[in-house]
Every structure is written in structure tokens, then in C-alpha cells.
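For reference, work00.cif is printed below; it contains mmCIF, C-alpha atoms.
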```cif
data_start
#
loop_
_atom_site.label_atom_id
_atom_site.label_comp_id
_atom_site.auth_asym_id
_atom_site.auth_seq_id
_atom_site.Cartn_x
_atom_site.Cartn_y
_atom_site.Cartn_z
CA MET A 1 79.77 117.95 130.91
CA ASN A 2 77.83 119.59 133.79
CA GLU A 3 74.35 118.57 132.56
CA SER A 4 75.42 114.98 132.11
CA ASN A 5 77.03 114.88 135.56
CA ALA A 6 73.66 114.46 137.24
CA ILE A 7 72.94 111.37 135.15
CA TYR A 8 76.44 110.01 135.74
CA ARG A 9 75.88 110.39 139.49
CA GLU A 10 72.64 108.41 139.17
CA MET A 11 74.75 105.67 137.56
CA GLY A 12 77.05 105.60 140.57
CA ILE A 13 79.96 107.73 139.34
CA SER A 14 81.31 109.96 142.10
CA ASP A 15 82.28 113.60 141.96
CA ALA A 16 85.87 112.56 142.61
CA VAL A 17 85.94 110.52 139.38
CA LEU A 18 84.16 113.23 137.39
CA THR A 19 86.59 115.91 138.57
CA PHE A 20 89.55 113.67 137.78
CA ALA A 21 88.18 112.96 134.30
CA ASP A 22 87.59 116.67 133.57
CA GLY A 23 91.22 117.37 134.36
CA VAL A 24 92.38 114.61 132.02
CA LEU A 25 90.08 115.63 129.16
CA ALA A 26 91.44 119.18 129.25
CA THR A 27 94.80 117.80 128.07
CA LEU A 28 93.49 115.91 125.04
CA THR A 29 92.56 118.64 122.56
CA ALA A 30 95.42 117.89 120.15
CA PRO A 31 95.10 114.08 119.91
CA PHE A 32 91.31 114.35 119.60
CA ALA A 33 91.67 116.87 116.75
CA ARG A 34 94.13 114.55 114.99
CA THR A 35 91.64 111.67 115.33
CA ASP A 36 88.79 113.75 113.92
CA ALA A 37 90.88 114.74 110.89
CA ILE A 38 91.67 111.10 110.06
CA ALA A 39 88.04 110.07 110.50
CA GLU A 40 86.89 112.86 108.19
CA GLY A 41 89.34 111.81 105.47
CA ASN A 42 88.39 108.16 105.74
CA GLN A 43 84.68 109.01 105.63
CA ALA A 44 85.21 110.81 102.35
CA LYS A 45 87.26 107.90 101.00
CA VAL A 46 84.52 105.38 101.81
CA LEU A 47 81.81 107.59 100.34
CA LEU A 48 83.79 108.10 97.13
CA ALA A 49 84.32 104.33 96.79
CA MET A 50 80.60 103.69 97.31
CA GLN A 51 79.71 106.25 94.66
CA ARG A 52 82.22 104.83 92.17
CA CYS A 53 80.84 101.34 92.79
CA ARG A 54 77.36 102.74 92.07
CA VAL A 55 75.78 101.29 95.20
CA ASN A 56 71.99 101.23 94.86
CA ALA A 57 68.98 99.73 96.63
CA THR A 58 69.06 96.51 94.62
CA HIS A 59 72.41 95.68 96.23
CA PHE A 60 70.61 95.09 99.54
CA ASN A 61 68.39 92.28 98.22
CA PRO A 62 68.71 88.90 99.97
CA SER A 63 69.77 85.81 98.05
CA THR A 64 68.86 82.15 98.57
CA GLY A 65 70.18 78.69 97.83
CA TYR A 66 73.52 78.72 96.06
CA GLY A 67 73.63 82.50 95.85
CA TYR A 68 74.40 82.56 92.14
CA ASP A 69 74.44 86.00 90.50
CA ASP A 70 74.32 87.82 93.84
CA GLU A 71 75.20 91.28 92.55
CA GLY A 72 74.90 92.88 95.99
CA ARG A 73 77.46 90.47 97.42
CA ASP A 74 79.77 90.89 94.44
CA ASN A 75 79.54 94.69 94.53
CA LEU A 76 80.31 94.74 98.25
CA GLU A 77 83.54 92.91 97.45
CA ARG A 78 84.34 95.42 94.71
CA LEU A 79 83.70 98.18 97.25
CA TYR A 80 86.15 96.74 99.79
CA ALA A 81 88.78 96.27 97.09
CA ALA A 82 88.33 99.82 95.81
CA CYS A 83 88.42 101.42 99.24
CA PHE A 84 91.43 99.41 100.44
CA GLY A 85 93.44 99.73 97.22
CA ALA A 86 93.37 96.01 96.41
CA GLU A 87 92.84 93.99 93.23
CA SER A 88 90.13 91.82 94.74
CA ALA A 89 88.27 91.03 97.95
CA LEU A 90 86.29 88.27 99.61
CA VAL A 91 83.70 89.63 102.09
CA ARG A 92 81.36 86.98 103.43
CA PRO A 93 79.09 86.20 106.37
CA GLN A 94 80.36 82.61 106.08
CA ILE A 95 83.72 83.83 107.45
CA THR A 96 82.86 83.60 111.11
CA CYS A 97 85.58 85.70 112.77
CA GLY A 98 89.06 87.16 112.38
CA THR A 99 90.78 83.90 113.32
CA HIS A 100 88.70 82.08 110.69
CA ALA A 101 89.64 84.67 108.05
CA LEU A 102 93.33 84.27 108.90
CA ALA A 103 93.13 80.48 108.90
CA LEU A 104 91.33 80.62 105.54
CA ALA A 105 93.97 82.85 103.94
CA LEU A 106 96.83 80.73 105.31
CA SER A 107 95.41 77.33 104.43
CA ALA A 108 94.44 78.50 100.94
CA ASN A 109 97.92 79.75 100.09
CA LEU A 110 100.25 77.33 101.89
CA LEU A 111 100.94 73.82 100.61
CA PRO A 112 102.75 70.85 102.19
CA GLY A 113 106.46 71.62 102.42
CA ASP A 114 105.96 75.40 102.57
CA GLU A 115 107.07 77.45 105.55
CA LEU A 116 105.17 80.25 107.27
CA LEU A 117 107.23 83.03 108.87
CA SER A 118 106.21 85.56 111.47
CA PRO A 119 108.70 88.45 111.57
CA VAL A 120 106.93 90.10 114.51
CA GLY A 121 107.40 87.45 117.18
CA ALA A 122 104.77 85.08 118.48
CA PRO A 123 101.29 85.29 116.92
CA TYR A 124 98.04 86.05 118.70
CA ASP A 125 96.91 83.24 121.01
CA THR A 126 94.15 81.83 118.80
CA LEU A 127 96.54 81.42 115.86
CA GLU A 128 98.78 79.07 117.83
CA GLU A 129 96.42 76.18 117.19
CA VAL A 130 95.81 77.24 113.58
CA ILE A 131 99.55 77.07 112.93
CA GLY A 132 100.19 74.06 115.16
CA ILE A 133 102.43 75.73 117.73
CA ARG A 134 99.98 74.17 120.15
CA PRO A 135 98.89 70.79 118.72
CA SER A 136 95.39 70.93 117.28
CA THR A 137 93.27 68.96 114.86
CA GLY A 138 93.45 70.39 111.35
CA SER A 139 96.41 72.68 112.01
CA LEU A 140 98.81 73.75 109.27
CA ARG A 141 101.44 71.60 110.94
CA GLU A 142 99.29 68.50 110.39
CA TYR A 143 99.32 69.29 106.68
CA GLY A 144 103.08 69.58 106.49
CA VAL A 145 103.47 73.34 106.73
CA THR A 146 106.36 74.40 108.97
CA TYR A 147 106.59 77.57 111.01
CA ALA A 148 109.38 79.98 111.91
CA GLN A 149 109.49 83.31 113.66
CA ALA A 150 111.87 86.21 114.13
CA ASP A 151 111.35 87.89 117.47
CA LEU A 152 111.14 91.64 117.83
CA ARG A 153 113.99 93.58 119.38
CA PRO A 154 113.59 94.55 123.06
CA ASP A 155 112.35 98.00 121.99
CA GLY A 156 109.56 96.43 119.89
CA THR A 157 111.14 97.13 116.49
CA PHE A 158 111.79 94.65 113.70
CA ASP A 159 115.00 92.63 113.85
CA TYR A 160 115.89 92.84 110.16
CA ASP A 161 119.02 90.69 110.51
CA ALA A 162 117.01 87.89 112.13
CA ILE A 163 114.33 88.20 109.47
CA ARG A 164 116.88 87.94 106.67
CA ARG A 165 118.34 84.79 108.26
CA ALA A 166 114.86 83.25 108.64
CA ILE A 167 113.84 83.68 104.99
CA HIS A 168 114.89 80.80 102.75
CA GLU A 169 113.72 78.87 99.68
CA ARG A 170 110.75 77.25 101.48
CA THR A 171 109.47 80.52 102.97
CA LYS A 172 106.16 80.89 101.14
CA LEU A 173 104.15 83.33 103.23
CA ILE A 174 105.03 85.99 105.80
CA THR A 175 102.33 86.93 108.30
CA ILE A 176 102.47 90.35 109.94
CA GLN A 177 100.21 91.07 112.91
CA ARG A 178 99.53 94.81 112.94
CA SER A 179 97.93 95.00 116.37
CA LYS A 180 99.58 94.10 119.65
CA GLY A 181 97.15 91.27 120.49
CA TYR A 182 97.61 90.10 124.07
CA ALA A 183 101.07 91.62 124.26
CA THR A 184 102.29 94.99 125.44
CA ARG A 185 104.44 95.81 122.43
CA PRO A 186 103.58 98.80 120.26
CA SER A 187 101.24 98.20 117.34
CA PHE A 188 102.74 98.82 113.92
CA SER A 189 101.99 101.75 111.66
CA VAL A 190 101.08 101.26 108.02
CA GLU A 191 104.35 102.98 107.11
CA GLU A 192 106.38 100.54 109.25
CA ILE A 193 104.53 97.61 107.72
CA GLY A 194 105.28 98.93 104.24
CA ARG A 195 109.00 99.11 105.02
CA LEU A 196 108.95 95.57 106.43
CA ILE A 197 107.17 94.23 103.34
CA ALA A 198 109.67 95.96 101.04
CA PHE A 199 112.54 94.39 102.99
CA CYS A 200 111.00 90.90 102.83
CA LYS A 201 110.42 91.27 99.07
CA GLN A 202 114.08 92.24 98.64
CA CYS A 203 115.07 89.04 100.42
CA LYS A 204 112.64 86.88 98.41
CA PRO A 205 110.69 88.65 95.66
CA ASP A 206 108.00 85.96 95.30
CA VAL A 207 107.17 85.68 99.01
CA ILE A 208 103.54 86.40 99.92
CA CYS A 209 103.16 89.10 102.59
CA MET A 210 99.91 88.92 104.59
CA VAL A 211 98.81 91.46 107.19
CA ASP A 212 96.45 90.66 110.03
CA ASN A 213 94.66 94.02 109.99
CA CYS A 214 92.23 93.30 112.84
CA TYR A 215 91.57 96.44 114.94
CA GLY A 216 93.48 98.60 112.46
CA GLU A 217 91.05 99.55 109.70
CA PHE A 218 90.43 103.33 109.37
CA VAL A 219 92.71 104.23 112.29
CA GLU A 220 95.14 105.72 109.77
CA ASP A 221 94.58 107.26 106.35
CA ARG A 222 96.04 104.23 104.53
CA GLU A 223 95.74 100.47 104.79
CA PRO A 224 98.48 97.81 104.39
CA THR A 225 97.27 96.82 100.91
CA GLU A 226 98.22 100.35 99.84
CA VAL A 227 101.86 99.81 100.85
CA GLY A 228 102.53 96.41 99.30
CA ALA A 229 100.62 93.77 101.30
CA ASP A 230 99.59 90.86 99.07
CA LEU A 231 96.82 89.88 101.49
CA MET A 232 95.01 91.81 104.22
CA VAL A 233 92.62 90.12 106.62
CA GLY A 234 90.05 91.35 109.12
CA SER A 235 86.75 90.79 110.91
CA LEU A 236 83.46 92.56 110.25
CA ILE A 237 82.55 92.61 113.95
CA LYS A 238 85.60 94.78 114.44
CA ASN A 239 86.31 98.09 112.71
CA PRO A 240 84.95 97.74 109.14
CA GLY A 241 81.52 96.49 110.22
CA GLY A 242 80.84 99.79 111.96
CA GLY A 243 78.97 98.02 114.76
CA LEU A 244 76.15 96.97 112.41
CA ALA A 245 77.57 93.83 110.81
CA PRO A 246 76.45 90.90 113.01
CA THR A 247 79.09 88.49 111.68
CA GLY A 248 81.56 88.06 108.84
CA GLY A 249 85.12 88.62 107.74
CA TYR A 250 87.08 89.87 104.78
CA ILE A 251 90.27 89.15 102.85
CA CYS A 252 91.61 91.72 100.36
CA GLY A 253 94.61 91.60 98.07
CA ARG A 254 95.99 90.03 94.91
CA LYS A 255 93.30 88.45 92.76
CA ASP A 256 95.06 85.10 92.35
CA LEU A 257 95.46 84.74 96.11
CA ILE A 258 91.87 85.82 96.80
CA ASP A 259 90.60 83.28 94.25
CA ARG A 260 92.42 80.55 96.17
CA CYS A 261 90.76 81.78 99.39
CA ALA A 262 87.34 81.60 97.73
CA CYS A 263 87.97 78.00 96.64
CA ARG A 264 89.02 77.10 100.18
CA LEU A 265 85.97 78.81 101.67
CA THR A 266 83.52 76.99 99.38
CA ALA A 267 84.96 74.28 97.11
CA PRO A 268 87.32 73.97 94.16
CA GLY A 269 85.39 74.76 91.01
CA LEU A 270 82.80 76.79 92.90
CA GLY A 271 84.92 79.52 94.46
CA ARG A 272 83.30 82.90 94.90
CA GLU A 273 80.29 82.12 92.66
CA VAL A 274 78.32 80.60 95.55
CA GLY A 275 77.43 81.80 99.02
CA VAL A 276 74.16 83.47 100.04
CA ASN A 277 74.24 86.87 101.72
CA MET A 278 71.79 85.78 104.46
CA GLY A 279 69.93 89.08 104.15
CA LEU A 280 72.84 90.94 105.76
CA LEU A 281 73.91 93.20 102.93
CA THR A 282 72.24 96.35 104.26
CA SER A 283 74.07 96.02 107.56
CA PHE A 284 77.34 95.26 105.74
CA TYR A 285 77.09 98.28 103.44
CA GLN A 286 75.78 100.68 106.07
CA GLY A 287 78.25 99.45 108.67
CA PHE A 288 81.14 100.03 106.26
CA PHE A 289 79.81 103.53 105.57
CA LEU A 290 79.67 104.33 109.31
CA ALA A 291 82.98 102.65 110.13
CA PRO A 292 85.29 105.70 109.91
CA ALA A 293 83.20 107.67 112.42
CA VAL A 294 82.77 104.68 114.73
CA VAL A 295 86.50 103.95 114.63
CA GLY A 296 87.21 107.60 115.43
CA SER A 297 85.02 107.33 118.53
CA ALA A 298 86.82 104.15 119.61
CA VAL A 299 90.21 105.81 119.14
CA LYS A 300 89.12 108.73 121.33
CA GLY A 301 88.06 106.27 124.01
CA ALA A 302 91.45 104.57 123.84
CA ILE A 303 93.26 107.91 124.14
CA PHE A 304 91.14 108.87 127.16
CA THR A 305 91.82 105.52 128.80
CA ALA A 306 95.56 105.94 128.29
CA ALA A 307 95.54 109.47 129.70
CA CYS A 308 93.55 108.49 132.81
CA TYR A 309 95.58 105.43 133.74
CA GLN A 310 98.87 107.06 132.78
CA ARG A 311 98.11 109.84 135.27
CA LEU A 312 97.47 107.20 137.93
CA GLY A 313 100.95 105.75 137.37
CA PHE A 314 100.11 102.63 135.37
CA ARG A 315 102.07 101.65 132.26
CA VAL A 316 99.94 102.12 129.16
CA VAL A 317 100.64 101.10 125.57
CA PRO A 318 100.41 103.34 123.63
CA GLY A 319 100.70 106.58 125.60
CA SER A 320 97.95 109.15 125.33
CA ASP A 321 100.05 111.47 123.17
CA GLU A 322 101.28 108.79 120.74
CA VAL A 323 99.95 108.42 117.20
CA ARG A 324 97.52 105.50 117.00
CA HIS A 325 97.76 102.47 114.72
CA ASP A 326 94.82 100.43 116.09
CA ILE A 327 91.91 100.86 118.49
CA ILE A 328 93.38 98.78 121.33
CA GLN A 329 94.60 100.34 124.55
CA ALA A 330 96.68 98.15 126.85
CA VAL A 331 96.87 99.03 130.54
CA GLU A 332 99.18 97.04 132.81
CA LEU A 333 97.21 96.90 136.04
CA GLY A 334 99.60 94.68 138.01
CA SER A 335 97.07 92.36 139.66
CA ARG A 336 94.18 90.01 138.99
CA GLU A 337 91.99 92.09 141.29
CA ARG A 338 92.52 95.30 139.33
CA MET A 339 91.84 93.51 136.04
CA CYS A 340 88.56 92.15 137.36
CA ALA A 341 87.51 95.53 138.78
CA PHE A 342 88.31 97.29 135.50
CA CYS A 343 86.27 94.78 133.51
CA LYS A 344 83.38 95.06 135.97
CA GLY A 345 83.32 98.78 135.23
CA ILE A 346 83.19 98.25 131.47
CA GLN A 347 80.40 95.68 131.86
CA ALA A 348 78.45 98.01 134.16
CA ALA A 349 78.57 100.68 131.45
CA ALA A 350 77.13 98.35 128.78
CA PRO A 351 73.70 98.73 127.15
CA VAL A 352 73.32 94.93 127.16
CA ASP A 353 73.93 92.66 130.18
CA SER A 354 75.03 95.58 132.35
CA TYR A 355 73.95 93.64 135.46
CA VAL A 356 76.31 90.73 134.72
CA THR A 357 79.60 90.33 136.59
CA PRO A 358 82.45 89.21 134.30
CA GLU A 359 84.62 86.42 135.68
CA PRO A 360 87.82 84.81 134.35
CA TRP A 361 87.34 81.48 132.60
CA ALA A 362 89.13 78.92 130.42
CA MET A 363 88.17 80.24 126.98
CA PRO A 364 88.66 78.03 123.89
CA GLY A 365 91.80 78.93 121.94
CA TYR A 366 93.67 80.44 124.88
CA ASP A 367 96.22 78.87 127.22
CA SER A 368 95.37 81.12 130.22
CA GLU A 369 92.16 82.10 131.93
CA VAL A 370 90.67 85.11 130.17
CA ILE A 371 88.32 87.76 131.52
CA MET A 372 86.04 89.53 129.07
CA ALA A 373 83.64 92.42 129.54
CA ALA A 374 81.39 92.95 126.55
CA GLY A 375 77.78 93.97 126.84
CA ALA A 376 77.37 94.13 123.09
CA PHE A 377 74.49 94.02 120.62
CA ASN A 378 76.53 91.57 118.55
CA GLN A 379 78.21 88.83 120.55
CA GLY A 380 81.98 89.32 120.70
CA SER A 381 81.89 92.57 118.73
CA SER A 382 85.06 94.36 119.77
CA ILE A 383 84.23 97.57 117.93
CA GLU A 384 81.56 97.87 120.60
CA LEU A 385 82.77 98.84 124.07
CA SER A 386 84.70 95.95 125.55
CA ALA A 387 87.72 95.01 127.63
CA ASP A 388 89.49 91.71 128.08
CA GLY A 389 92.79 90.07 128.83
CA PRO A 390 94.50 86.87 129.96
CA ILE A 391 94.94 86.46 133.69
CA ARG A 392 98.74 86.39 133.73
CA PRO A 393 101.55 88.87 134.47
CA PRO A 394 101.79 91.79 133.85
CA TYR A 395 98.00 91.60 134.26
CA ALA A 396 97.32 93.83 131.28
CA VAL A 397 93.77 94.61 130.30
CA TYR A 398 92.96 95.49 126.69
CA PHE A 399 90.31 98.17 126.22
CA GLN A 400 88.74 98.70 122.82
CA GLY A 401 85.66 99.91 121.04
CA GLY A 402 82.80 102.26 121.67
CA LEU A 403 80.23 102.93 118.97
CA THR A 404 80.15 106.54 120.18
CA TRP A 405 82.79 108.56 121.98
CA TYR A 406 80.33 109.28 124.78
CA HIS A 407 79.80 105.60 125.47
CA ALA A 408 83.54 104.90 125.43
CA LYS A 409 84.02 107.77 127.87
CA LEU A 410 81.34 106.41 130.20
CA GLY A 411 83.03 103.01 130.20
CA VAL A 412 86.33 104.56 131.29
CA LEU A 413 84.59 106.53 134.05
CA MET A 414 82.90 103.38 135.31
CA SER A 415 86.19 101.44 135.28
CA LEU A 416 87.78 104.14 137.44
CA GLN A 417 84.83 104.06 139.82
CA LYS A 418 84.99 100.29 140.32
CA LEU A 419 88.72 100.43 141.03
CA LEU A 420 88.21 103.34 143.42
CA ASP A 421 85.33 101.60 145.25
CA ALA A 422 87.52 98.50 145.73
CA GLY A 423 90.36 100.57 147.17
CA LEU A 424 92.63 99.60 144.31
CA ILE A 425 93.50 103.13 143.13
CA GLU A 426 93.86 106.60 144.57
CA LEU A 427 92.87 109.49 142.34
CA LYS A 428 95.59 112.11 141.90
#
```

Please rewrite the model in this file as C-alpha cells.
Amino acid sequence: MNESNAIYREMGISDAVLTFADGVLATLTAPFARTDAIAEGNQAKVLLAMQRCRVNATHFNPSTGYGYDDEGRDNLERLYAACFGAESALVRPQITCGTHALALALSANLLPGDELLSPVGAPYDTLEEVIGIRPSTGSLREYGVTYAQADLRPDGTFDYDAIRRAIHERTKLITIQRSKGYATRPSFSVEEIGRLIAFCKQCKPDVICMVDNCYGEFVEDREPTEVGADLMVGSLIKNPGGGLAPTGGYICGRKDLIDRCACRLTAPGLGREVGVNMGLLTSFYQGFFLAPAVVGSAVKGAIFTAACYQRLGFRVVPGSDEVRHDIIQAVELGSRERMCAFCKGIQAAAPVDSYVTPEPWAMPGYDSEVIMAAGAFNQGSSIELSADGPIRPPYAVYFQGGLTWYHAKLGVLMSLQKLLDAGLIELK
């Protein structure tokens, strides 16, 4: 790192931070090697799926109007299904974000009188209005869908007894959030999710099990659809877009359920036959190809973040030596001031809008002020280097992304420097 130190100093990073970081990095050989091995396996898996789907240059052609006979779009969906071990997939730029993809899957497969169950406690903030936990126009609650949840045990594990009690004849769909969201519980492994799905199917064989896979794709060597998930949902401006997809979302799973999602996205009778690709297919295919390597870089950044802030005495979830199940690193900073300083560091390390100072604000879909640092090429892309969190105790900031390991590393260095400059940490 000696040659790069001179450039880092030009960027305002002190020798004290660089020395501290060198000491931390020396301890990370094993988790970095584990991350590289997973990325290598996933790269081969994606490449094999692309070859079997016979991807060729004609699949990058734009479509217009209705989008009938868009073979590039249709083959991209076959690619996602093949790679993720699913019967079918819907991968569209018309799906605007992860929350939209989740709302689409839920509204397509829940009817009036059905009940939705979360066996992992409260859902991510933006789903509260989708479900109707917080009243909102167009929520599932408005359409007669009820909601129940089984909270996790204090240690963050599934409460199987509570889940069994919560499942009844009206339980139609079970939603499982893989990532921690704005919580400081552990994220769930694919293996744990598979065991949970098997248990729910024992309780009610016909129940639909859906996994919110946002932030989880390619972090492990398997995906939830490979362990029994009927539906799996994610965003293309997170992991599977590889930093190139400028918008979009996906839903993979059982064909009958995906067909319902397609009819909800477009219209009954039209389904998946319509929908132009907006000239984005090259970025979708190439981003998916690059995704395993990009995710590996993001995971390394998360591990480095955990190791640095763990050494400084902050609680981090997960710890630097724990096996990863998503790209998110939570750091409980204990104060609004530390959260803001951390996010200023991430923003200062950005290639876009590095001169901007992030400030907390009342963001739509959240019930607390939220601070977000994201100098990204694609607005809101959380596979790019970013950090955010709600301004509320325990004042946890959520670090994620980094298209390259080196950029993720620089972001962590800059966050340490901003906290040090503000007198909010002492390097040990």
C-alpha cells in the first residue's frame, strides 16, 4: 500500500489512519480468501448459465412499442432462472426498485381474505406501507389482506413455536427477509432459510414461501430458490446488476406464481408478452456477468469495516470473522454526530458528488429521519459504495457496496478520518 499512501495523503487521509488500517488488514487474510473462493465459484456458475442460454449479440437489441417477441428480454429471464435454480423469472426495467418488486410479488399472489406472515419479525421500513402496518393508499390491508408476524428470539434465531402458532388456514404467503434491513440482527444464511421454509411447509404444505433476497445475491454459493423458496425477489441496482444496471428488479420462482406477477406488472391477458427493454439489455447482461466479482469486492469492504470499527470498540453486525450472508455491515456508532461523520467520509470518497455533505432528512417510506451517503453513477445504487441509516438509537449506520475492493477500502479510510478529525474516535 506504500505507493498509494502518497495519493491517500493528498486526499486528506492521515498517517495515523493509514497505520491503523494496515494493522487491521494484516488480520483479514482468511476471510478475504473465503470471499474470493465464493466469488470464483459464482463467476463460473454465471458463465455456465450464460453459455447454456446461448447468449449472443442479438440479445442486446433494443425493442420498441409493446415489446412483442423481445428475445433478448426473454432470454435474460431464462438466464436468471437457470442461474438461480428457478422454474421461471421476471426481470424488467419496469420494476423500479426492490420495494416495488416485493409489492408486485405480494399483490399478485395475495387475494382478499388471505393472510401474510412474517416469521422474522418486523419487515423493512418501506414494506410497512405496502402491507398497511402504517396506513397507506393502495396497501394490502386496503384490499383485505391481513398481516401477522412471529418475532425472532432475543438471540436473533427463529421462534419455531411462535411460527407454528401463527400459521393457520388463511396463511397464504410467508415473507422472509434475508438481510437485516435497518435492524442489528444477524442476516440469515441460505441454509437457515432452507430449514425455515421446510418447517413452514410441514405446517402448511401449500403455503407460498417468498424470500426478500435484496443484498444477498452471490454472497454465498447458493440462493434461496435452490433450497425451497417459491419466490425470490431482488433489485438490479443492488447485487445482480453488477453496478451497470441503471434500474430494474427481478422475481424468480415457480412458474405459476411468476405468471401472476407478470399479469400484475402489465395487465391480465398481456402478462410477460409485453414490455420494452428500453435499450438496457447490454447493461443487464454484462452487469449480471460482473456481479459475482463486484459482490466479492463489496463483501471485502464490509469485512474491513467490521474489523476497523470492532477494534475501536463499537458493536458491529456481523463481526469481521463471521461468515457473510449479505453485503451489509451494521456499525452501532452510539450518536447522531458519529453517524453523520461516518456518512460524510463515505460521501467524500465518492466518484460522484464527493463535495456534497449528506444531511439527515425525512425520506419517503421511513418513519425516522434518514441520512444517506451515496455518490453513485446510478441514483440509489447500493451495490456502489454507500452508507445510510435512520437517525434513532442505537444510531447504527449501514455500510454496503463498492464496485471494487479498493474503492470500498478508501471509503472506510475516509470514514475513519472524518470521525478522527471531529474528535469522535481515538485510534488504538

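What separates atom CA of A:Met232 from atom CA of A:Leu48 is a distance of 21.0 Å.
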
Legend entry - Answer as a PyMOL selection string, residues within 12 Å of (86.5, 113.2, 133.8) using only C-alpha atoms: chain A and resi 1-2+4-5+8+13-28+304-305+307-309+406+409-417+427

Please, what is the axis-aligned box for every listed atom of stretch 399-409 of chain A with 5 Å on each side, as centre and edge lengths in Å to one decimal, as AutoDock Vina command-line options?
```
--center_x 85.1 --center_y 103.7 --center_z 123.4 --size_x 20.5 --size_y 21.1 --size_z 18.9
```

Legend entry - Within-8 Å shell of (76.6, 92.0, 96.6) in input frame, only C-alpha atoms, as a PyMOL selection string: chain A and resi 59-60+70-77+277+281

Inset, instruction - Kindly indicate which residue among A:Thr184, A:Gln43, A:Gln347, A:Thr171 lies nearest to A:Glu332, using all atoms listed in the file for the distances. - result: A:Thr184

Legend entry - Spatial neighbours of A:Trp361, max dist 10 Å, all atoms listed in the file, sep filter under 2 positions, as JSON, numbers by chain: {"A": [358, 359, 363, 364, 368, 369, 370, 371, 372, 390, 391]}

Inset, instruction - Apply the PyMOL selection byres ((chain A and resi 168) around 12) to the file shown and report the selected residues as a ChimeraX atom specification. - result: /A:114-117,148,162-167,169-174,200-201,203-207

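Of the residues under consideration (A:Gly132, A:Pro240, A:Pro119, A:Gly234), A:Pro119 shows the shortest atom-to-atom contact distance to A:Cys209 when counting only C-alpha atoms.
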
Inset, instruction - Enumerate, as a PyMOL selection string, the residues matched when the PyMOL selection byres ((chain A and resi 310) around 12) is run on the file above. - result: chain A and resi 24+302-309+311-321+329-333+427-428

Inset, instruction - Give me, please, the distance in Å between atom CA of A:Val274 and atom CA of A:Thr58, quoted to one decimal. - result: 18.4 Å

Legend entry - Picked residues, the PyMOL selection byres ((chain A and resi 102) around 10), as a list in words: Ile95, Cys97, Gly98, Thr99, His100, Ala101, Ala103, Leu104, Ala105, Leu106, Ser107, Ala108, Leu127, Val130, Thr175, Met210, Val211, Asp212, Asn213, Cys214, Leu231, Met232, Val233, Gly234, Ser235, Gly249, Tyr250 and Ile251 of chain A
